[in-house]
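Coordinates from input-v1.cif are shown below (mmCIF, C-alpha atoms and all ligand atoms).
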data_target
#
loop_
_atom_site.label_atom_id
_atom_site.label_comp_id
_atom_site.auth_asym_id
_atom_site.auth_seq_id
_atom_site.Cartn_x
_atom_site.Cartn_y
_atom_site.Cartn_z
CA MET A 1 3.97 169.18 192.88
CA SER A 2 4.70 169.18 189.17
CA GLN A 3 8.30 169.32 188.06
CA THR A 4 7.75 172.11 185.54
CA ARG A 5 6.82 174.56 188.28
CA HIS A 6 10.20 174.21 189.94
CA VAL A 7 12.41 175.14 187.04
CA PRO A 8 14.72 177.83 188.44
CA VAL A 9 14.04 181.18 186.78
CA MET A 10 16.62 182.55 184.29
CA LEU A 11 19.04 179.98 185.63
CA GLN A 12 21.72 179.99 182.93
CA ARG A 13 21.84 183.78 182.86
CA CYS A 14 22.26 183.90 186.65
CA LEU A 15 25.13 181.41 186.43
CA ASP A 16 26.76 183.36 183.57
CA LEU A 17 26.52 186.63 185.51
CA LEU A 18 28.19 185.14 188.57
CA ALA A 19 30.70 182.93 186.73
CA PRO A 20 33.66 185.34 186.40
CA ALA A 21 33.65 185.87 190.17
CA LEU A 22 33.31 182.17 191.00
CA GLU A 23 35.78 180.85 188.42
CA ALA A 24 38.65 183.24 189.18
CA SER A 25 41.88 181.62 190.39
CA GLU A 26 41.71 183.54 193.68
CA PRO A 27 40.40 182.69 196.18
CA GLN A 28 40.76 178.94 195.77
CA HIS A 29 37.36 178.33 197.36
CA PRO A 30 35.07 181.24 196.50
CA VAL A 31 31.94 181.73 198.59
CA VAL A 32 28.56 182.26 196.97
CA VAL A 33 25.48 183.19 198.98
CA ASP A 34 21.99 182.22 197.85
CA CYS A 35 19.82 184.56 199.93
CA THR A 36 16.60 182.82 198.85
CA LEU A 37 17.25 179.09 198.92
CA GLY A 38 13.62 178.00 198.38
CA LEU A 39 13.64 174.51 196.89
CA GLY A 40 17.32 174.80 196.13
CA GLY A 41 17.13 174.94 192.33
CA HIS A 42 19.58 177.81 191.86
CA SER A 43 21.73 176.60 194.77
CA GLU A 44 22.14 173.13 193.34
CA ALA A 45 23.08 174.56 189.94
CA LEU A 46 25.66 176.85 191.59
CA LEU A 47 27.25 173.92 193.44
CA SER A 48 27.36 171.85 190.30
CA ALA A 49 28.57 174.62 187.93
CA PHE A 50 31.30 175.90 190.27
CA PRO A 51 32.91 172.83 191.86
CA SER A 52 35.43 174.77 193.93
CA ALA A 53 32.80 177.11 195.39
CA ARG A 54 31.29 176.93 198.85
CA LEU A 55 27.60 177.81 199.19
CA ILE A 56 25.90 179.61 202.05
CA ALA A 57 22.13 179.59 201.57
CA LEU A 58 19.50 181.44 203.58
CA ASP A 59 15.75 181.06 203.88
CA ARG A 60 13.27 182.31 206.44
CA ASP A 61 11.03 179.30 205.74
CA LYS A 62 12.03 176.22 207.76
CA GLU A 63 10.18 173.88 205.43
CA ALA A 64 12.22 175.17 202.47
CA LEU A 65 15.42 174.52 204.45
CA ARG A 66 14.33 170.99 205.27
CA LEU A 67 13.48 170.07 201.68
CA SER A 68 16.59 171.71 200.22
CA GLY A 69 18.72 170.13 202.92
CA GLU A 70 17.79 166.73 201.51
CA ARG A 71 18.36 167.88 197.94
CA LEU A 72 21.79 169.35 198.65
CA ALA A 73 22.97 166.58 201.00
CA PRO A 74 25.18 165.04 198.26
CA TYR A 75 27.30 168.21 198.32
CA GLY A 76 28.22 167.63 201.98
CA ASP A 77 29.95 170.49 203.74
CA ARG A 78 30.24 172.57 200.57
CA ALA A 79 26.72 173.77 201.41
CA THR A 80 25.77 175.56 204.64
CA LEU A 81 22.05 176.23 205.06
CA VAL A 82 20.91 178.86 207.52
CA HIS A 83 17.47 179.80 208.85
CA ALA A 84 17.59 183.58 208.59
CA VAL A 85 15.86 186.59 207.08
CA TYR A 86 18.15 187.86 204.34
CA ASP A 87 18.81 191.26 205.89
CA GLU A 88 20.63 189.27 208.59
CA LEU A 89 23.33 188.37 206.05
CA PRO A 90 26.11 190.40 207.78
CA GLU A 91 25.46 188.61 211.10
CA VAL A 92 25.29 185.21 209.40
CA LEU A 93 28.62 185.80 207.63
CA ALA A 94 30.23 187.05 210.84
CA ARG A 95 29.03 183.95 212.69
CA LEU A 96 30.47 181.71 209.99
CA GLY A 97 33.76 183.62 209.99
CA VAL A 98 33.41 184.70 206.35
CA PRO A 99 34.44 188.36 205.98
CA LYS A 100 33.74 188.76 202.24
CA VAL A 101 32.02 186.72 199.55
CA GLN A 102 32.48 186.37 195.80
CA GLY A 103 28.86 185.96 194.73
CA VAL A 104 25.35 186.75 195.94
CA LEU A 105 22.03 185.68 194.41
CA PHE A 106 18.52 186.79 195.31
CA ASP A 107 15.46 185.12 193.72
CA LEU A 108 12.75 187.15 195.43
CA GLY A 109 9.16 186.34 196.26
CA VAL A 110 7.33 183.18 197.20
CA SER A 111 8.44 179.71 196.23
CA SER A 112 6.27 177.35 194.24
CA MET A 113 6.26 175.13 197.34
CA GLN A 114 4.71 177.93 199.41
CA LEU A 115 2.08 178.46 196.70
CA ASP A 116 1.42 174.73 196.36
CA GLU A 117 0.81 174.20 200.07
CA ALA A 118 -2.78 175.36 200.32
CA ASP A 119 -2.72 175.67 204.11
CA ARG A 120 -0.13 178.46 204.01
CA GLY A 121 -2.79 180.79 202.56
CA PHE A 122 -0.69 182.37 199.77
CA ALA A 123 -2.85 181.16 196.91
CA TYR A 124 -6.13 182.83 196.06
CA ALA A 125 -7.24 179.87 193.96
CA GLN A 126 -7.79 177.60 196.99
CA ASP A 127 -9.67 178.21 200.21
CA ALA A 128 -7.24 178.25 203.15
CA PRO A 129 -6.57 180.07 206.42
CA LEU A 130 -5.31 183.60 205.64
CA ASP A 131 -1.78 183.19 206.98
CA MET A 132 0.84 184.12 204.31
CA ARG A 133 3.80 184.21 206.73
CA MET A 134 6.92 182.80 205.10
CA ASP A 135 8.23 182.09 208.60
CA GLN A 136 5.28 180.65 210.46
CA THR A 137 7.09 180.85 213.80
CA THR A 138 6.84 184.64 214.05
CA GLY A 139 4.90 187.77 213.01
CA VAL A 140 1.28 188.61 212.23
CA SER A 141 -0.87 186.74 209.73
CA ALA A 142 -2.78 188.17 206.77
CA ALA A 143 -6.03 187.64 208.70
CA GLU A 144 -4.75 189.82 211.56
CA VAL A 145 -3.78 192.55 209.07
CA LEU A 146 -7.25 192.44 207.49
CA ASN A 147 -9.11 192.36 210.80
CA THR A 148 -7.15 194.96 212.77
CA TYR A 149 -5.49 197.57 210.51
CA PRO A 150 -7.22 200.97 210.22
CA PRO A 151 -8.96 201.43 206.85
CA GLY A 152 -6.55 204.15 205.70
CA GLU A 153 -3.59 201.87 206.31
CA LEU A 154 -5.22 199.04 204.35
CA VAL A 155 -5.88 201.38 201.42
CA ARG A 156 -2.23 202.47 201.46
CA ILE A 157 -1.02 198.86 201.46
CA LEU A 158 -3.30 197.77 198.62
CA ARG A 159 -2.27 200.77 196.54
CA ALA A 160 1.45 200.69 197.25
CA TYR A 161 2.13 196.95 197.33
CA GLY A 162 -0.62 195.70 195.04
CA GLU A 163 -0.90 198.66 192.67
CA GLU A 164 -4.65 198.15 193.15
CA LYS A 165 -6.64 201.02 191.66
CA GLN A 166 -9.83 199.93 193.40
CA ALA A 167 -8.22 199.89 196.86
CA LYS A 168 -10.82 202.18 198.47
CA ARG A 169 -13.73 200.16 197.19
CA ILE A 170 -12.20 196.87 198.35
CA VAL A 171 -11.26 198.24 201.77
CA SER A 172 -14.77 199.66 202.35
CA ALA A 173 -16.14 196.20 201.69
CA ILE A 174 -13.53 194.59 203.97
CA VAL A 175 -14.33 196.95 206.83
CA ARG A 176 -18.09 196.39 206.45
CA GLU A 177 -17.62 192.63 206.46
CA ARG A 178 -15.08 192.36 209.27
CA GLU A 179 -17.50 194.16 211.59
CA LYS A 180 -19.97 191.34 211.03
CA GLU A 181 -17.36 188.60 211.45
CA PRO A 182 -13.55 188.65 211.38
CA PHE A 183 -11.85 187.17 208.32
CA SER A 184 -10.19 183.78 208.71
CA ASN A 185 -10.17 182.16 205.26
CA SER A 186 -9.11 183.19 201.78
CA ALA A 187 -12.29 182.18 199.90
CA ARG A 188 -14.39 184.82 201.70
CA LEU A 189 -11.89 187.51 200.79
CA VAL A 190 -11.71 186.40 197.15
CA GLU A 191 -15.51 186.47 196.91
CA LEU A 192 -15.70 189.89 198.57
CA ILE A 193 -13.17 191.36 196.12
CA ARG A 194 -15.05 189.88 193.18
CA ASP A 195 -18.31 191.43 194.41
CA ALA A 196 -16.73 194.80 195.27
CA LEU A 197 -15.13 195.44 191.87
CA PRO A 198 -16.94 197.10 188.99
CA GLN A 199 -17.45 194.93 185.88
CA ALA A 200 -14.77 196.72 183.88
CA ALA A 201 -12.09 196.15 186.53
CA LYS A 202 -12.91 192.43 186.58
CA ARG A 203 -12.15 192.06 182.91
CA THR A 204 -8.53 193.14 183.16
CA GLY A 205 -5.53 191.09 184.27
CA GLY A 206 -6.41 187.67 185.66
CA ASN A 207 -7.95 186.92 189.03
CA PRO A 208 -9.27 190.14 190.60
CA ALA A 209 -7.91 189.05 194.01
CA LYS A 210 -4.32 188.77 192.75
CA ARG A 211 -3.25 192.33 193.58
CA THR A 212 -4.80 192.30 197.07
CA PHE A 213 -3.12 188.97 197.87
CA GLN A 214 0.26 190.28 196.68
CA ALA A 215 -0.17 193.41 198.82
CA LEU A 216 -1.07 191.42 201.95
CA ARG A 217 1.86 189.06 201.44
CA ILE A 218 4.32 191.95 201.12
CA GLU A 219 2.94 193.58 204.27
CA VAL A 220 2.82 190.37 206.33
CA ASN A 221 6.45 189.56 205.53
CA GLY A 222 7.72 193.16 205.58
CA GLU A 223 9.21 192.29 202.20
CA LEU A 224 10.18 195.73 200.91
CA ALA A 225 11.58 197.01 204.20
CA VAL A 226 13.73 193.88 204.51
CA LEU A 227 14.89 194.13 200.90
CA GLU A 228 15.78 197.79 201.33
CA ARG A 229 18.26 196.80 204.05
CA ALA A 230 19.35 193.54 202.44
CA ILE A 231 20.56 194.68 199.00
CA PRO A 232 23.01 197.32 200.32
CA ALA A 233 24.19 194.83 202.98
CA ALA A 234 24.78 192.21 200.29
CA VAL A 235 26.73 194.70 198.15
CA ARG A 236 28.89 195.58 201.18
CA SER A 237 29.62 191.90 201.76
CA LEU A 238 31.09 191.47 198.26
CA ALA A 239 34.85 191.29 197.85
CA VAL A 240 36.28 193.41 195.03
CA GLY A 241 35.53 191.43 191.85
CA GLY A 242 32.54 189.83 193.55
CA ARG A 243 29.20 189.79 191.74
CA ILE A 244 25.54 190.06 192.69
CA ALA A 245 22.47 188.98 190.71
CA VAL A 246 18.90 189.81 191.74
CA LEU A 247 15.67 188.41 190.27
CA SER A 248 12.61 190.56 191.08
CA TYR A 249 8.98 189.81 190.37
CA HIS A 250 7.24 193.15 190.69
CA SER A 251 8.06 196.74 189.92
CA LEU A 252 8.52 197.81 193.55
CA GLU A 253 11.23 195.23 194.14
CA ASP A 254 12.90 195.97 190.84
CA ARG A 255 12.89 199.72 191.45
CA LEU A 256 14.57 199.24 194.80
CA VAL A 257 17.31 197.04 193.32
CA LYS A 258 17.79 199.47 190.45
CA GLN A 259 18.24 202.40 192.86
CA VAL A 260 20.81 200.64 195.04
CA PHE A 261 22.82 199.49 192.00
CA ALA A 262 22.60 202.90 190.32
CA ALA A 263 23.77 204.66 193.49
CA GLY A 264 26.73 202.26 193.75
CA ALA A 265 27.64 202.77 190.09
CA ALA A 266 27.62 206.57 190.34
CA THR A 267 30.43 208.76 191.57
CA THR A 268 29.77 210.43 194.90
CA ALA A 269 31.99 213.40 194.06
CA PRO A 270 30.62 216.89 194.56
CA PRO A 271 29.94 218.38 191.13
CA GLY A 272 32.65 220.44 189.46
CA LEU A 273 35.80 218.59 190.59
CA PRO A 274 38.31 218.58 187.70
CA VAL A 275 39.64 215.16 188.74
CA VAL A 276 37.51 212.72 190.72
CA PRO A 277 39.55 211.42 193.67
CA GLU A 278 39.63 207.68 194.36
CA ARG A 279 37.34 207.92 197.38
CA TYR A 280 34.50 209.29 195.24
CA GLN A 281 34.81 206.66 192.50
CA PRO A 282 31.89 204.23 191.95
CA ARG A 283 31.83 201.02 194.00
CA LEU A 284 29.85 199.03 191.45
CA LYS A 285 29.85 198.28 187.75
CA LEU A 286 26.46 197.40 186.25
CA LEU A 287 26.44 194.05 184.44
CA THR A 288 22.98 194.28 182.90
CA ARG A 289 21.57 197.01 180.67
CA GLY A 290 18.43 197.94 182.55
CA ALA A 291 16.62 194.84 183.72
CA GLU A 292 16.93 191.66 181.65
CA LEU A 293 13.77 189.68 180.91
CA PRO A 294 13.24 185.95 180.43
CA THR A 295 12.98 184.75 176.84
CA GLU A 296 9.59 183.94 175.34
CA GLU A 297 10.58 180.27 175.28
CA GLU A 298 11.29 180.29 179.01
CA VAL A 299 7.97 181.98 179.79
CA ALA A 300 6.14 179.47 177.59
CA GLU A 301 7.69 176.64 179.63
CA ASN A 302 7.51 178.26 183.06
CA ARG A 303 4.79 180.81 183.72
CA ARG A 304 6.37 181.85 187.01
CA ALA A 305 9.22 183.36 185.01
CA ALA A 306 6.91 185.81 183.20
CA PRO A 307 7.26 188.83 185.53
CA ALA A 308 10.97 188.21 186.27
CA ARG A 309 13.46 191.10 186.01
CA LEU A 310 17.16 190.33 186.41
CA ARG A 311 19.84 192.84 187.37
CA GLY A 312 23.50 192.19 188.05
CA ALA A 313 26.44 194.23 189.33
CA GLU A 314 30.12 193.75 190.12
CA ARG A 315 31.96 195.19 193.08
CA ILE A 316 34.91 197.16 191.68
CA ARG A 317 36.17 199.07 194.72
CA GLU A 318 36.35 198.86 198.51
CA ASP A 319 34.27 201.18 200.64
CA GLU A 320 36.11 204.25 201.88
CA ARG A 321 37.28 203.69 205.47
C1 LIG B 1 11.28 182.25 194.69
S1 LIG B 1 11.78 181.30 196.04
C2 LIG B 1 13.41 180.78 195.63
C3 LIG B 1 13.45 179.62 194.71
C4 LIG B 1 14.85 179.06 194.48
N1 LIG B 1 15.68 180.02 193.79
C5 LIG B 1 14.82 177.76 193.74
O1 LIG B 1 15.38 177.69 192.63
O2 LIG B 1 14.26 176.78 194.26
C6 LIG B 1 12.05 182.49 197.27
C7 LIG B 1 12.41 181.94 198.64
O3 LIG B 1 12.94 183.03 199.39
C8 LIG B 1 12.46 182.95 200.71
N2 LIG B 1 12.44 184.31 201.21
C9 LIG B 1 11.62 185.33 200.83
N3 LIG B 1 11.90 186.43 201.51
C10 LIG B 1 12.93 186.11 202.34
C11 LIG B 1 13.66 186.85 203.32
N4 LIG B 1 13.39 188.11 203.56
N5 LIG B 1 14.67 186.21 203.97
C12 LIG B 1 14.95 184.91 203.72
N6 LIG B 1 14.28 184.16 202.82
C13 LIG B 1 13.27 184.76 202.15
C14 LIG B 1 11.09 182.34 200.60
O4 LIG B 1 10.77 181.70 201.83
C15 LIG B 1 11.26 181.37 199.43
O5 LIG B 1 11.57 180.08 199.89
#

Starting from the file, lay out its structure as structure tokens.
Amino acid sequence: MSQTRHVPVMLQRCLDLLAPALEASEPQHPVVVDCTLGLGGHSEALLSAFPSARLIALDRDKEALRLSGERLAPYGDRATLVHAVYDELPEVLARLGVPKVQGVLFDLGVSSMQLDEADRGFAYAQDAPLDMRMDQTTGVSAAEVLNTYPPGELVRILRAYGEEKQAKRIVSAIVREREKEPFSNSARLVELIRDALPQAAKRTGGNPAKRTFQALRIEVNGELAVLERAIPAAVRSLAVGGRIAVLSYHSLEDRLVKQVFAAGAATTAPPGLPVVPERYQPRLKLLTRGAELPTEEEVAENRRAAPARLRGAERIREDER
């Protein structure tokens, strides 16, 4: 694994966004949650930049927890690593006896470790079993999705999660092929997509299998459904003055984050009230203007940063009881 691939994305900006919440004089030991520990790049930087903070870090991938556990061992009990899907955050915090937190970070998507390990089946560049589960102890694999879903459902997934314009064409080819022999490995799928696409479609935007692989990964891991529950739950877990930063890697994720933040930053008052009562006031203040992008220099050094979109918000009011 090359070092350059593991540079945490938009790291300094994430730290700057969270800093006011983690450097305040109260509480003495602020809690920051990294919902996507991965290889622990952001987590380690948080522990080192905010020496009084305690870190709770989640990942659904046991291998990520093992590797990061070694990396973060020097920080002792300042770091608590938990095997969990991030929409389980409220239960995790309750179990740890932490009612509210001062910071939350999400760095969505797959880790470079998951992409590097050919046998996990995330990468279209290497032949591997079509698995793609981030947590290999549960759920259905990409091969099962391909071999068993009705064609209409596959078309919907490729369109919605992969923004694949040629979804129908690809799915017709998949259905024809799976009747001959079920899919088990990625190379056969990559080849099928290449053959199914018209010449013009092959010339645009990198490997023609990229969009189908993204779509399958999102489906296999239920990524959008989980995120839709997780972002509001994370916002609710923030103490007043607490801050959240989210790094997304495709438009569907970013749109979801944008909607949750925008809803929190809007008043919920019925239109026409001369004075907006406290209970209708916004819960959130937006910390980023739209989504922030990585600099050209960062993208030149770390290609994984290219699609990143960063949004931040601060909790400014309790929920109405
Ligand atoms: C892009 S990586 C994080 C990289 C990390 N920030 C670093 O600097 O090393 C995303 C991680 O989030 C995990 N992940 C993705 N979806 C998750 C979910 N719903 N619940 C928990 N972990 C998830 C993946 O297993 C992966 O390890």

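The space between atom CA of A:Leu17 and atom CA of A:Val32 spans 12.4 Å.
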
Review point. Which residue, A:Arg283, A:His250, A:Arg78, A:Arg156, has the smallest gap to A:Ala266 when you use only C-alpha atoms?
Key: A:Arg283

Point to revise | Of the listed residues A:Arg60, A:His29, A:Lys100, A:Arg317, that which approaches A:Leu47 most closely, counting all atoms listed in the file | key: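 Distance minimum relative to A:Leu47 lands on A:His29.
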
Check your understanding: Using all atoms listed in the file, what are the residues with an atom within 8 Å of ligand LIG 1 (chain B), set out as an MDAnalysis selection string?
Key -> chainID A and resid 6:9 34:43 58:61 64 83:87 106:114 134:135 221:223 226:227

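Look at A:Arg315: the protein and nucleic acid residues within 9 Å of it, using all atoms listed in the file and passing over chain neighbours fewer than 3 places away, are Val235, Arg236, Leu238, Ala239, Val240, Gly241, Gly242, Arg243, Ile244, Gly264, Arg283, Leu284, Lys285 and Glu318 of chain A.
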
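Of the residues under consideration (A:Val33, A:Glu164, A:Phe50, A:Gly76), A:Phe50 shows the shortest atom-to-atom contact distance to A:Ala19 when counting only C-alpha atoms.
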
For stretch 129-158 of chain A, supply N, CA and C atoms and format the output as a PDB file, in the coordinates of the input.
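The resulting file, selection-v8.pdb, is reproduced below:
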ATOM      1  N   PRO A 129      -6.688 179.017 205.402  1.00  0.00           N
ATOM      2  CA  PRO A 129      -6.570 180.070 206.420  1.00  0.00           C
ATOM      3  C   PRO A 129      -5.695 181.198 205.884  1.00  0.00           C
ATOM      4  N   LEU A 130      -6.073 182.452 206.159  1.00  0.00           N
ATOM      5  CA  LEU A 130      -5.310 183.600 205.640  1.00  0.00           C
ATOM      6  C   LEU A 130      -4.067 183.817 206.497  1.00  0.00           C
ATOM      7  N   ASP A 131      -3.008 183.071 206.192  1.00  0.00           N
ATOM      8  CA  ASP A 131      -1.780 183.190 206.980  1.00  0.00           C
ATOM      9  C   ASP A 131      -0.750 184.036 206.220  1.00  0.00           C
ATOM     10  N   MET A 132      -0.116 183.447 205.206  1.00  0.00           N
ATOM     11  CA  MET A 132       0.840 184.120 204.310  1.00  0.00           C
ATOM     12  C   MET A 132       2.191 184.440 204.947  1.00  0.00           C
ATOM     13  N   ARG A 133       2.461 183.961 206.169  1.00  0.00           N
ATOM     14  CA  ARG A 133       3.800 184.210 206.730  1.00  0.00           C
ATOM     15  C   ARG A 133       4.783 183.224 206.127  1.00  0.00           C
ATOM     16  N   MET A 134       5.911 183.714 205.631  1.00  0.00           N
ATOM     17  CA  MET A 134       6.920 182.800 205.100  1.00  0.00           C
ATOM     18  C   MET A 134       7.592 182.054 206.255  1.00  0.00           C
ATOM     19  N   ASP A 135       7.732 182.738 207.389  1.00  0.00           N
ATOM     20  CA  ASP A 135       8.230 182.090 208.600  1.00  0.00           C
ATOM     21  C   ASP A 135       7.067 181.999 209.554  1.00  0.00           C
ATOM     22  N   GLN A 136       6.501 180.796 209.669  1.00  0.00           N
ATOM     23  CA  GLN A 136       5.280 180.650 210.460  1.00  0.00           C
ATOM     24  C   GLN A 136       5.537 180.654 211.966  1.00  0.00           C
ATOM     25  N   THR A 137       6.799 180.833 212.358  1.00  0.00           N
ATOM     26  CA  THR A 137       7.090 180.850 213.800  1.00  0.00           C
ATOM     27  C   THR A 137       7.005 182.261 214.366  1.00  0.00           C
ATOM     28  N   THR A 138       6.800 183.265 213.523  1.00  0.00           N
ATOM     29  CA  THR A 138       6.840 184.640 214.050  1.00  0.00           C
ATOM     30  C   THR A 138       5.984 185.584 213.188  1.00  0.00           C
ATOM     31  N   GLY A 139       5.581 186.722 213.782  1.00  0.00           N
ATOM     32  CA  GLY A 139       4.900 187.770 213.010  1.00  0.00           C
ATOM     33  C   GLY A 139       3.386 187.632 212.970  1.00  0.00           C
ATOM     34  N   VAL A 140       2.741 188.614 212.314  1.00  0.00           N
ATOM     35  CA  VAL A 140       1.280 188.610 212.230  1.00  0.00           C
ATOM     36  C   VAL A 140       0.823 188.012 210.909  1.00  0.00           C
ATOM     37  N   SER A 141      -0.347 187.392 210.937  1.00  0.00           N
ATOM     38  CA  SER A 141      -0.870 186.740 209.730  1.00  0.00           C
ATOM     39  C   SER A 141      -1.663 187.731 208.893  1.00  0.00           C
ATOM     40  N   ALA A 142      -1.976 187.316 207.660  1.00  0.00           N
ATOM     41  CA  ALA A 142      -2.780 188.170 206.770  1.00  0.00           C
ATOM     42  C   ALA A 142      -4.153 188.426 207.384  1.00  0.00           C
ATOM     43  N   ALA A 143      -4.717 187.444 208.080  1.00  0.00           N
ATOM     44  CA  ALA A 143      -6.030 187.640 208.700  1.00  0.00           C
ATOM     45  C   ALA A 143      -5.956 188.754 209.745  1.00  0.00           C
ATOM     46  N   GLU A 144      -4.878 188.769 210.545  1.00  0.00           N
ATOM     47  CA  GLU A 144      -4.750 189.820 211.560  1.00  0.00           C
ATOM     48  C   GLU A 144      -4.629 191.198 210.913  1.00  0.00           C
ATOM     49  N   VAL A 145      -3.896 191.275 209.804  1.00  0.00           N
ATOM     50  CA  VAL A 145      -3.780 192.550 209.070  1.00  0.00           C
ATOM     51  C   VAL A 145      -5.169 192.998 208.629  1.00  0.00           C
ATOM     52  N   LEU A 146      -5.918 192.097 208.007  1.00  0.00           N
ATOM     53  CA  LEU A 146      -7.250 192.440 207.490  1.00  0.00           C
ATOM     54  C   LEU A 146      -8.215 192.849 208.604  1.00  0.00           C
ATOM     55  N   ASN A 147      -8.126 192.151 209.730  1.00  0.00           N
ATOM     56  CA  ASN A 147      -9.110 192.360 210.800  1.00  0.00           C
ATOM     57  C   ASN A 147      -8.792 193.530 211.712  1.00  0.00           C
ATOM     58  N   THR A 148      -7.523 193.963 211.741  1.00  0.00           N
ATOM     59  CA  THR A 148      -7.150 194.960 212.770  1.00  0.00           C
ATOM     60  C   THR A 148      -6.612 196.280 212.218  1.00  0.00           C
ATOM     61  N   TYR A 149      -6.090 196.318 210.983  1.00  0.00           N
ATOM     62  CA  TYR A 149      -5.490 197.570 210.510  1.00  0.00           C
ATOM     63  C   TYR A 149      -6.567 198.634 210.260  1.00  0.00           C
ATOM     64  N   PRO A 150      -6.269 199.910 210.560  1.00  0.00           N
ATOM     65  CA  PRO A 150      -7.220 200.970 210.220  1.00  0.00           C
ATOM     66  C   PRO A 150      -7.439 201.018 208.705  1.00  0.00           C
ATOM     67  N   PRO A 151      -8.652 201.427 208.281  1.00  0.00           N
ATOM     68  CA  PRO A 151      -8.960 201.430 206.850  1.00  0.00           C
ATOM     69  C   PRO A 151      -7.935 202.186 206.002  1.00  0.00           C
ATOM     70  N   GLY A 152      -7.492 203.349 206.487  1.00  0.00           N
ATOM     71  CA  GLY A 152      -6.550 204.150 205.700  1.00  0.00           C
ATOM     72  C   GLY A 152      -5.252 203.401 205.437  1.00  0.00           C
ATOM     73  N   GLU A 153      -4.822 202.644 206.422  1.00  0.00           N
ATOM     74  CA  GLU A 153      -3.590 201.870 206.310  1.00  0.00           C
ATOM     75  C   GLU A 153      -3.778 200.729 205.287  1.00  0.00           C
ATOM     76  N   LEU A 154      -4.953 200.110 205.322  1.00  0.00           N
ATOM     77  CA  LEU A 154      -5.220 199.040 204.350  1.00  0.00           C
ATOM     78  C   LEU A 154      -5.246 199.589 202.926  1.00  0.00           C
ATOM     79  N   VAL A 155      -5.839 200.771 202.762  1.00  0.00           N
ATOM     80  CA  VAL A 155      -5.880 201.380 201.420  1.00  0.00           C
ATOM     81  C   VAL A 155      -4.448 201.635 200.941  1.00  0.00           C
ATOM     82  N   ARG A 156      -3.621 202.174 201.832  1.00  0.00           N
ATOM     83  CA  ARG A 156      -2.230 202.470 201.460  1.00  0.00           C
ATOM     84  C   ARG A 156      -1.504 201.195 201.009  1.00  0.00           C
ATOM     85  N   ILE A 157      -1.709 200.119 201.769  1.00  0.00           N
ATOM     86  CA  ILE A 157      -1.020 198.860 201.460  1.00  0.00           C
ATOM     87  C   ILE A 157      -1.477 198.302 200.115  1.00  0.00           C
ATOM     88  N   LEU A 158      -2.789 198.310 199.882  1.00  0.00           N
ATOM     89  CA  LEU A 158      -3.300 197.770 198.620  1.00  0.00           C
ATOM     90  C   LEU A 158      -2.810 198.588 197.429  1.00  0.00           C
TER      91      LEU A 158
END
